[in-house]
$ cat input-v1.cif   # mmCIF, C-alpha atoms
data_structure
#
loop_
_atom_site.label_atom_id
_atom_site.label_comp_id
_atom_site.auth_asym_id
_atom_site.auth_seq_id
_atom_site.Cartn_x
_atom_site.Cartn_y
_atom_site.Cartn_z
CA MET Q 1274 -23.64 7.30 -24.86
CA ASN Q 1275 -26.86 7.77 -26.81
CA ASP Q 1276 -25.87 11.37 -27.65
CA LEU Q 1277 -22.54 10.09 -28.94
CA ASN Q 1278 -24.30 7.56 -31.17
CA ASP Q 1279 -26.61 10.27 -32.49
CA LEU Q 1280 -23.62 12.46 -33.32
CA ILE Q 1281 -21.88 9.58 -35.07
CA LYS Q 1282 -24.96 8.91 -37.19
CA LYS Q 1283 -25.06 12.59 -38.19
CA VAL Q 1284 -21.34 12.51 -38.98
CA GLN Q 1285 -21.91 9.52 -41.24
CA LEU Q 1286 -24.43 11.65 -43.14
CA GLY Q 1287 -21.79 14.35 -43.61
CA ASP Q 1288 -22.83 16.76 -40.84
CA GLU Q 1289 -19.76 18.93 -40.13
CA ILE Q 1290 -21.25 20.51 -37.01
CA ALA Q 1291 -21.93 17.09 -35.52
CA PHE Q 1292 -18.33 16.10 -36.30
CA LYS Q 1293 -17.03 19.18 -34.46
CA GLN Q 1294 -19.23 18.31 -31.47
CA LEU Q 1295 -18.02 14.72 -31.55
CA THR Q 1296 -14.38 15.74 -31.63
CA LEU Q 1297 -14.90 18.07 -28.68
CA LEU Q 1298 -16.26 15.13 -26.70
CA ILE Q 1299 -13.23 12.93 -27.32
CA GLU Q 1300 -10.40 15.41 -27.85
CA ASN Q 1301 -8.88 14.78 -24.41
CA ASP Q 1302 -8.72 11.06 -25.10
CA LEU Q 1303 -7.11 11.69 -28.47
CA TYR Q 1304 -4.54 14.02 -26.94
CA ARG Q 1305 -3.63 11.54 -24.19
CA VAL Q 1306 -3.17 8.71 -26.65
CA ALA Q 1307 -1.08 10.84 -29.01
CA LYS Q 1308 1.02 12.06 -26.08
CA THR Q 1309 2.11 8.49 -25.32
CA ARG Q 1310 3.83 8.27 -28.70
CA LEU Q 1311 4.81 11.83 -29.56
CA ASN Q 1312 6.71 14.38 -27.48
CA ASN Q 1313 6.18 17.50 -29.52
CA ASP Q 1314 2.84 19.34 -29.20
CA ASP Q 1315 2.97 20.33 -32.88
CA ASP Q 1316 3.36 16.66 -33.87
CA ILE Q 1317 0.48 15.74 -31.56
CA LYS Q 1318 -1.73 18.39 -33.15
CA ASP Q 1319 -0.74 17.18 -36.63
CA ALA Q 1320 -1.58 13.57 -35.73
CA ILE Q 1321 -4.95 14.58 -34.31
CA GLN Q 1322 -5.72 16.79 -37.30
CA ASN Q 1323 -4.79 14.00 -39.73
CA THR Q 1324 -6.97 11.64 -37.73
CA MET Q 1325 -9.89 14.05 -37.94
CA LEU Q 1326 -9.56 14.33 -41.70
CA ILE Q 1327 -9.33 10.58 -42.20
CA THR Q 1328 -12.23 9.77 -39.89
CA TYR Q 1329 -14.48 12.46 -41.34
CA LYS Q 1330 -13.80 11.32 -44.90
CA ASN Q 1331 -14.30 7.65 -44.05
CA ALA Q 1332 -17.06 7.85 -41.42
CA LYS Q 1333 -19.63 6.35 -43.78
CA ARG Q 1334 -17.64 3.11 -43.90
CA ILE Q 1335 -18.23 2.28 -40.24
CA ARG Q 1336 -21.17 -0.08 -40.07
CA ASN Q 1337 -21.30 -0.54 -36.32
CA ILE Q 1338 -21.24 2.91 -34.70
CA GLU Q 1339 -20.33 1.54 -31.27
CA TYR Q 1340 -16.83 0.94 -32.67
CA PHE Q 1341 -16.45 4.46 -34.09
CA LYS Q 1342 -14.35 5.78 -31.20
CA THR Q 1343 -12.24 2.63 -31.16
CA TRP Q 1344 -11.63 2.99 -34.87
CA MET Q 1345 -10.79 6.67 -34.46
CA ILE Q 1346 -8.20 5.85 -31.76
CA HIS Q 1347 -6.72 3.19 -34.03
CA VAL Q 1348 -6.41 5.72 -36.85
CA LEU Q 1349 -4.75 8.14 -34.41
CA ILE Q 1350 -2.21 5.54 -33.33
CA ASN Q 1351 -1.34 4.88 -36.97
CA GLU Q 1352 -0.93 8.61 -37.61
CA CYS Q 1353 1.24 8.99 -34.51
CA ASN Q 1354 3.41 6.09 -35.65
CA LYS Q 1355 3.86 7.69 -39.06
CA ILE Q 1356 4.97 10.97 -37.49
CA TYR Q 1357 7.14 9.23 -34.92
CA ASN Q 1358 8.90 7.15 -37.56
CA SER Q 1359 9.52 10.18 -39.77
CA ASN Q 1360 11.02 12.08 -36.81
CA LYS Q 1361 12.79 9.09 -35.29
CA LYS Q 1362 16.33 10.19 -36.18
CA ASN Q 1363 16.02 13.62 -34.61
CA SER Q 1364 13.88 12.97 -31.54
CA GLU Q 1365 14.74 11.65 -28.10
CA LEU Q 1366 12.99 8.46 -27.14
CA TYR Q 1367 9.95 9.21 -24.99
CA ASN Q 1368 11.24 12.46 -23.48
CA LYS Q 1369 7.87 13.57 -22.21
CA VAL Q 1370 4.71 11.63 -21.53
CA ILE Q 1371 1.32 12.12 -19.97
CA THR Q 1372 1.05 14.95 -17.46
CA ASP Q 1373 -2.55 14.62 -16.47
CA ILE Q 1374 -3.14 11.07 -15.20
CA ASP Q 1375 -6.16 10.88 -12.93
CA PHE Q 1376 -4.68 9.25 -9.86
CA ASN Q 1377 -8.05 8.48 -8.31
CA THR Q 1378 -8.70 5.96 -11.06
CA PHE Q 1379 -5.14 4.66 -11.11
CA ASP Q 1380 -4.18 4.01 -7.53
CA ASN Q 1381 -5.72 5.24 -4.29
CA SER Q 1382 -2.29 5.48 -2.67
CA ILE Q 1383 -1.29 8.34 -4.98
CA GLN Q 1384 -2.97 11.42 -3.57
CA ASP Q 1385 -1.21 14.77 -3.74
CA ALA Q 1386 0.52 17.09 -6.19
CA GLN Q 1387 3.98 15.85 -5.25
CA ASP Q 1388 2.87 12.35 -6.08
CA GLN Q 1389 1.58 13.65 -9.43
CA MET Q 1390 5.06 14.91 -10.27
CA ASN Q 1391 6.60 11.65 -9.08
CA PHE Q 1392 4.20 9.67 -11.25
CA ASP Q 1393 4.96 11.80 -14.30
CA SER Q 1394 8.64 11.03 -13.90
CA LEU Q 1395 7.95 7.36 -13.15
CA ILE Q 1396 5.81 6.70 -16.22
CA LYS Q 1397 8.70 7.87 -18.40
CA LYS Q 1398 10.51 4.71 -17.32
CA LEU Q 1399 7.94 2.47 -18.98
CA ASN Q 1400 8.39 1.32 -22.54
CA TYR Q 1401 5.97 2.47 -25.24
CA ASP Q 1402 3.90 -0.74 -25.18
CA GLU Q 1403 3.27 -0.38 -21.45
CA LYS Q 1404 2.58 3.37 -21.63
CA ILE Q 1405 0.02 3.09 -24.41
CA VAL Q 1406 -1.88 0.26 -22.70
CA ILE Q 1407 -1.92 2.07 -19.34
CA THR Q 1408 -3.06 5.30 -21.00
CA LEU Q 1409 -5.85 3.63 -22.96
CA TYR Q 1410 -6.98 1.65 -19.91
CA TYR Q 1411 -6.83 4.29 -17.18
CA ASN Q 1412 -7.22 7.60 -19.02
CA SER Q 1413 -9.47 6.63 -21.90
CA GLN Q 1414 -11.13 3.86 -19.90
CA PHE Q 1415 -11.11 1.29 -22.67
CA SER Q 1416 -11.53 -2.36 -21.74
CA CYS Q 1417 -8.75 -4.84 -22.39
CA LYS Q 1418 -10.78 -6.22 -25.30
CA GLN Q 1419 -11.18 -2.76 -26.84
CA ILE Q 1420 -7.46 -2.04 -26.41
CA SER Q 1421 -6.64 -5.33 -28.13
CA GLU Q 1422 -8.82 -4.24 -31.06
CA ILE Q 1423 -7.27 -0.76 -31.21
CA LEU Q 1424 -3.69 -2.04 -31.08
CA ARG Q 1425 -4.52 -5.21 -33.02
CA ILE Q 1426 -2.89 -7.46 -30.46
CA ASN Q 1427 -4.13 -10.40 -28.40
CA VAL Q 1428 -6.23 -9.48 -25.35
CA ASN Q 1429 -3.88 -11.55 -23.16
CA THR Q 1430 -0.96 -9.45 -24.41
CA VAL Q 1431 -2.87 -6.33 -23.34
CA LYS Q 1432 -3.45 -7.82 -19.90
CA SER Q 1433 0.18 -8.81 -19.45
CA ARG Q 1434 1.43 -5.38 -20.56
CA LEU Q 1435 -1.05 -3.72 -18.22
CA THR Q 1436 0.03 -5.89 -15.29
CA ARG Q 1437 3.74 -5.47 -16.09
CA GLY Q 1438 3.36 -1.70 -16.40
CA LYS Q 1439 1.39 -1.39 -13.14
CA ASN Q 1440 3.94 -3.54 -11.32
CA LYS Q 1441 6.82 -1.44 -12.63
CA LEU Q 1442 5.04 1.78 -11.64
CA LYS Q 1443 4.39 0.47 -8.13
CA LYS Q 1444 8.02 -0.63 -7.80
CA TYR Q 1445 9.32 2.72 -9.07
CA TYR Q 1446 6.89 4.56 -6.82
CA GLU Q 1447 8.05 2.62 -3.76
CA GLU Q 1448 11.70 3.28 -4.65
CA VAL Q 1449 11.07 7.02 -4.98
CA ASN Q 1450 9.19 7.17 -1.68
CA TYR Q 1451 11.78 5.03 0.10
CA ASN Q 1452 14.74 7.04 -1.23
CA GLY Q 1453 12.96 10.37 -0.91
CA ALA Q 1454 11.85 9.83 2.69
#
$ encode --input "input-v1.cif" --output "structure tokens"
Amino acid sequence: MNDLNDLIKKVQLGDEIAFKQLTLLIENDLYRVAKTRLNNDDDIKDAIQNTMLITYKNAKRIRNIEYFKTWMIHVLINECNKIYNSNKKNSELYNKVITDIDFNTFDNSIQDAQDQMNFDSLIKKLNYDEKIVITLYYNSQFSCKQISEILRINVNTVKSRLTRGKNKLKKYYEEVNYNGA
């Protein structure tokens, strides 16, 4: 984490190379978060690019560097929402979602490639609020408190969405395994 803080300090001084290194470190997290809201890879790339521009231009404003990544994710969510809302008429609601959940951190009962495909189809059944919380918690490994700050919602709301989403996923998973067996 110390390297990340050093990079952030350099970014705040206007170091473009440090910013590129920083973005390489967190690009997977940014992609996963954007993927929960946007279906189209071009839209995801646009949201991430807009986020990069905004965060680079405004990096000096962050006083507490430990919140830099949290702030960056918040900016990304806002950018994704802008793109989503502008495309709302023409897009299907949540057609595709995350394809690279790490099952070892999610649930020990999910183990093989078939289960990966099942999970990908199951997570599509969750609503946006549940998907974004589960993605931030399991993929980006943010705490409930950090997620509440990113989404600007109460920490108890985060916990209830997380619990509700996990319970739905377990129920859907059991249904698929019961019906598929």
$ closest_residue --input "input-v1.cif" --among "Q:Leu1424, Q:Cys1353, Q:Leu1280, Q:Val1348" --to "Asn1313 in chain Q" --atoms "only C-alpha atoms"
Q:Cys1353
$ resolve_selection --input "input-v1.cif" --expression "the PyMOL selection byres ((chain Q and resi 1307) around 8)" --output "short mmCIF file (atom, residue, chain, number, x, y, z; two decimals) with C-alpha atoms, in the coordinates of the input"
data_model
loop_
_atom_site.label_atom_id
_atom_site.label_comp_id
_atom_site.auth_asym_id
_atom_site.auth_seq_id
_atom_site.Cartn_x
_atom_site.Cartn_y
_atom_site.Cartn_z
CA LEU Q 1303 -7.11 11.69 -28.47
CA TYR Q 1304 -4.54 14.02 -26.94
CA ARG Q 1305 -3.63 11.54 -24.19
CA VAL Q 1306 -3.17 8.71 -26.65
CA LYS Q 1308 1.02 12.06 -26.08
CA THR Q 1309 2.11 8.49 -25.32
CA ARG Q 1310 3.83 8.27 -28.70
CA LEU Q 1311 4.81 11.83 -29.56
CA ILE Q 1317 0.48 15.74 -31.56
CA ALA Q 1320 -1.58 13.57 -35.73
CA ILE Q 1321 -4.95 14.58 -34.31
CA LEU Q 1349 -4.75 8.14 -34.41
CA ILE Q 1350 -2.21 5.54 -33.33
CA CYS Q 1353 1.24 8.99 -34.51
#
$ atom_distance --input "input-v1.cif" --atom1 "CA of Glu1422 in chain Q" --atom2 "CA of Ile1327 in chain Q"
18.5 Å
$ residues_around --input "input-v1.cif" --residues "Lys1283 in chain Q" --least-positions-apart "3" --cutoff "12 Å" --atoms "all atoms listed in the file" --output "list of chain:residue names"
Q:Asp1276, Q:Leu1277, Q:Asn1278, Q:Asp1279, Q:Leu1280, Q:Leu1286, Q:Gly1287, Q:Asp1288, Q:Glu1289, Q:Ile1290, Q:Ala1291, Q:Phe1292, Q:Lys1293, Q:Gln1294, Q:Leu1295, Q:Tyr1329, Q:Ala1332, Q:Lys1333, Q:Ile1338
$ closest_residue --input "input-v1.cif" --among "Q:Ser1359, Q:Lys1418, Q:Asp1402, Q:Asn1412" --to "Tyr1340 in chain Q" --atoms "all atoms listed in the file"
Q:Lys1418
$ resolve_selection --input "input-v1.cif" --expression "the PyMOL selection byres ((chain Q and resi 1435) around 9)" --output "number ranges by chain"
Q: 1403-1404, 1406-1407, 1410, 1417, 1430-1434, 1436-1440
$ atom_distance --input "input-v1.cif" --atom1 "CA of Ile1423 in chain Q" --atom2 "CA of Thr1408 in chain Q"
12.6 Å
$ residues_around --input "input-v1.cif" --residues "Arg1334 in chain Q" --least-positions-apart "5" --cutoff "10 Å" --atoms "all atoms listed in the file" --output "number ranges by chain"
Q: 1285, 1328, 1341
$ atom_distance --input "input-v1.cif" --atom1 "CA of Gln1322 in chain Q" --atom2 "CA of Ser1421 in chain Q"
24.0 Å
$ closest_residue --input "input-v1.cif" --among "Q:Ile1356, Q:Ile1335, Q:Ile1420, Q:Met1345" --to "Thr1296 in chain Q" --atoms "all atoms listed in the file"
Q:Met1345
